[in-house]
Amino acid sequence: MTEPLEQRTVAELMTRDLLTIAEDESVLMAWELMCKAEVHHLPVADVQGGFLGVIDAQTLTAAWNATTPRDARRPVTTLLPHRRPAAVRPESAVAEAARAMLDAGTDYIPVTDEHGALVGLVTARDLIAALAGTHREIAPRSAGMPSLYRVEPVLPQTPGHPDRSRIGPD
């Protein structure tokens, strides 16, 4: 028989293979990645691959302003909270992760190692799936940040109004 959910460890149900975004990427890129990958949480990494925080779909949607396209080019770090995100360790009990999510007022909690490196993420969906008894294969941990994709978005331009922010010939 399996242990009760609240006594299981975070490592047993955390998502390990995460799509991440670099700190110098734009809010638009975060939106594009979330939409294309159908994810609701996007960890942000600094240039050395260190974990800075998580942008969630709710924050991104609340900050989105379609009337000012240039705002979409601001760095994703402008959407991160100013304080270091709460996190739990892989060996933490699931109940501790749930309490941390409640205390932080989020539907996710980062999972970090003893050095503060991101090793996974537990979301409300992970908790509900575990509670429902849904088992999924958990990929083995890879080195460094789990995944980092770099794609260049293209902003639509108004006819007759070229984008003057680009340098060089078209």
# chains A, B, ... in the order shown; residues from 1 in each chain; ligands from 1
call {"tool": "residues_around", "arguments": {"residues": "segment 87-103 of chain A", "least_positions_apart": "5", "cutoff": "6 Å", "atoms": "only C-alpha atoms", "output": "ChimeraX atom specification"}}
result
/A:6-11,108-113
call {"tool": "write_last_selection", "arguments": {"atoms": "all heavy atoms", "output": "short mmCIF file (atom, residue, chain, number, x, y, z; two decimals), in the first residue's frame"}}
result
data_model
loop_
_atom_site.label_atom_id
_atom_site.label_comp_id
_atom_site.auth_asym_id
_atom_site.auth_seq_id
_atom_site.Cartn_x
_atom_site.Cartn_y
_atom_site.Cartn_z
N GLU A 6 0.14 13.07 2.01
CA GLU A 6 0.83 14.09 2.82
C GLU A 6 2.15 13.60 3.41
O GLU A 6 2.97 14.40 3.83
CB GLU A 6 -0.09 14.65 3.91
CG GLU A 6 -0.50 13.66 4.97
CD GLU A 6 -1.74 12.84 4.61
OE1 GLU A 6 -2.23 12.94 3.46
OE2 GLU A 6 -2.21 12.09 5.47
N GLN A 7 2.38 12.28 3.42
CA GLN A 7 3.63 11.73 3.93
C GLN A 7 4.64 11.39 2.84
O GLN A 7 5.79 11.09 3.14
CB GLN A 7 3.33 10.49 4.79
CG GLN A 7 2.57 10.83 6.05
CD GLN A 7 2.17 9.59 6.81
OE1 GLN A 7 2.51 8.47 6.45
NE2 GLN A 7 1.43 9.77 7.89
N ARG A 8 4.21 11.42 1.59
CA ARG A 8 5.12 11.14 0.49
C ARG A 8 6.08 12.30 0.29
O ARG A 8 5.82 13.41 0.76
CB ARG A 8 4.33 10.85 -0.79
CG ARG A 8 3.51 9.56 -0.66
CD ARG A 8 2.56 9.32 -1.77
NE ARG A 8 3.22 9.30 -3.06
CZ ARG A 8 2.56 9.37 -4.21
NH1 ARG A 8 1.26 9.48 -4.23
NH2 ARG A 8 3.22 9.35 -5.35
N THR A 9 7.17 12.07 -0.42
CA THR A 9 8.13 13.15 -0.64
C THR A 9 7.81 13.91 -1.93
O THR A 9 7.20 13.38 -2.85
CB THR A 9 9.57 12.63 -0.74
OG1 THR A 9 9.70 11.82 -1.91
CG2 THR A 9 9.99 11.86 0.50
N VAL A 10 8.26 15.14 -1.95
CA VAL A 10 8.10 16.00 -3.11
C VAL A 10 8.73 15.36 -4.35
O VAL A 10 8.17 15.42 -5.44
CB VAL A 10 8.72 17.39 -2.82
CG1 VAL A 10 8.86 18.22 -4.05
CG2 VAL A 10 7.91 18.11 -1.75
N ALA A 11 9.88 14.70 -4.18
CA ALA A 11 10.58 14.06 -5.30
C ALA A 11 9.70 13.03 -6.01
O ALA A 11 9.88 12.79 -7.20
CB ALA A 11 11.87 13.40 -4.82
N TYR A 108 1.94 26.80 -7.19
CA TYR A 108 3.17 26.06 -7.47
C TYR A 108 4.18 26.34 -6.37
O TYR A 108 4.06 27.33 -5.63
CB TYR A 108 3.77 26.48 -8.82
CG TYR A 108 4.22 27.93 -8.81
CD1 TYR A 108 5.52 28.28 -8.40
CD2 TYR A 108 3.35 28.95 -9.15
CE1 TYR A 108 5.91 29.60 -8.35
CE2 TYR A 108 3.74 30.27 -9.10
CZ TYR A 108 5.02 30.60 -8.70
OH TYR A 108 5.41 31.91 -8.63
N ILE A 109 5.16 25.47 -6.28
CA ILE A 109 6.29 25.69 -5.38
C ILE A 109 7.53 25.12 -6.06
O ILE A 109 7.52 23.97 -6.51
CB ILE A 109 6.05 25.08 -3.97
CG1 ILE A 109 7.11 25.55 -2.98
CG2 ILE A 109 5.99 23.58 -4.01
CD1 ILE A 109 6.92 26.95 -2.50
N PRO A 110 8.58 25.93 -6.20
CA PRO A 110 9.83 25.42 -6.77
C PRO A 110 10.47 24.40 -5.84
O PRO A 110 10.34 24.49 -4.61
CB PRO A 110 10.72 26.66 -6.89
CG PRO A 110 9.80 27.83 -6.76
CD PRO A 110 8.64 27.36 -5.92
N VAL A 111 11.17 23.45 -6.42
CA VAL A 111 11.92 22.46 -5.66
C VAL A 111 13.39 22.71 -5.98
O VAL A 111 13.79 22.66 -7.15
CB VAL A 111 11.51 21.02 -6.02
CG1 VAL A 111 12.26 20.02 -5.16
CG2 VAL A 111 10.00 20.85 -5.89
N THR A 112 14.18 23.00 -4.96
CA THR A 112 15.59 23.31 -5.16
C THR A 112 16.47 22.37 -4.35
O THR A 112 16.04 21.80 -3.35
CB THR A 112 15.91 24.76 -4.76
OG1 THR A 112 15.54 24.98 -3.39
CG2 THR A 112 15.15 25.75 -5.64
N ASP A 113 17.72 22.23 -4.81
CA ASP A 113 18.68 21.41 -4.07
C ASP A 113 19.34 22.25 -2.97
O ASP A 113 18.97 23.42 -2.76
CB ASP A 113 19.71 20.77 -5.01
CG ASP A 113 20.63 21.77 -5.67
OD1 ASP A 113 20.70 22.96 -5.26
OD2 ASP A 113 21.33 21.37 -6.63
#
call {"tool": "residues_around", "arguments": {"residues": "segment 65-74 of chain A", "least_positions_apart": "6", "cutoff": "7 Å", "atoms": "only C-alpha atoms", "output": "VMD selection string"}}
result
chain A and resid 26 to 28
call {"tool": "closest_atom_pairs", "arguments": {"of": "segment 60-126 of chain A", "to": "segment 38-44 of chain A", "cutoff": "12 Å", "atoms": "only C-alpha atoms", "output": "CSV"}}
result
residue,atom,partner,partner_atom,distance
A:Leu60,CA,A:His40,CA,9.6
A:Thr61,CA,A:His40,CA,10.6
A:Pro75,CA,A:Val44,CA,10.6
A:Val76,CA,A:Val44,CA,7.8
A:Thr77,CA,A:Val44,CA,7.7
A:Thr78,CA,A:Val44,CA,11.1
A:Leu79,CA,A:Val44,CA,10.3
A:Leu80,CA,A:Val44,CA,8.7
A:Pro81,CA,A:Val44,CA,11.7
A:Pro85,CA,A:Pro43,CA,10.9
A:Thr106,CA,A:His41,CA,10.7
A:Asp107,CA,A:His41,CA,9.3
A:Tyr108,CA,A:His41,CA,8.0
A:Ile109,CA,A:His41,CA,10.1
A:Pro110,CA,A:Pro43,CA,8.5
A:Val111,CA,A:Pro43,CA,11.0
A:Thr112,CA,A:Pro43,CA,11.8
A:Ala117,CA,A:Pro43,CA,11.4
A:Leu118,CA,A:Pro43,CA,8.6
A:Val119,CA,A:Pro43,CA,10.7
A:Gly120,CA,A:Pro43,CA,9.6
A:Leu121,CA,A:Pro43,CA,8.8
A:Val122,CA,A:His41,CA,10.1
A:Thr123,CA,A:His41,CA,8.6
A:Ala124,CA,A:His40,CA,10.9
A:Arg125,CA,A:His40,CA,10.3
call {"tool": "atom_distance", "arguments": {"atom1": "atom CA of Gln48 of chain A", "atom2": "atom CA of Ala22 of chain A"}}
result
9.6 Å
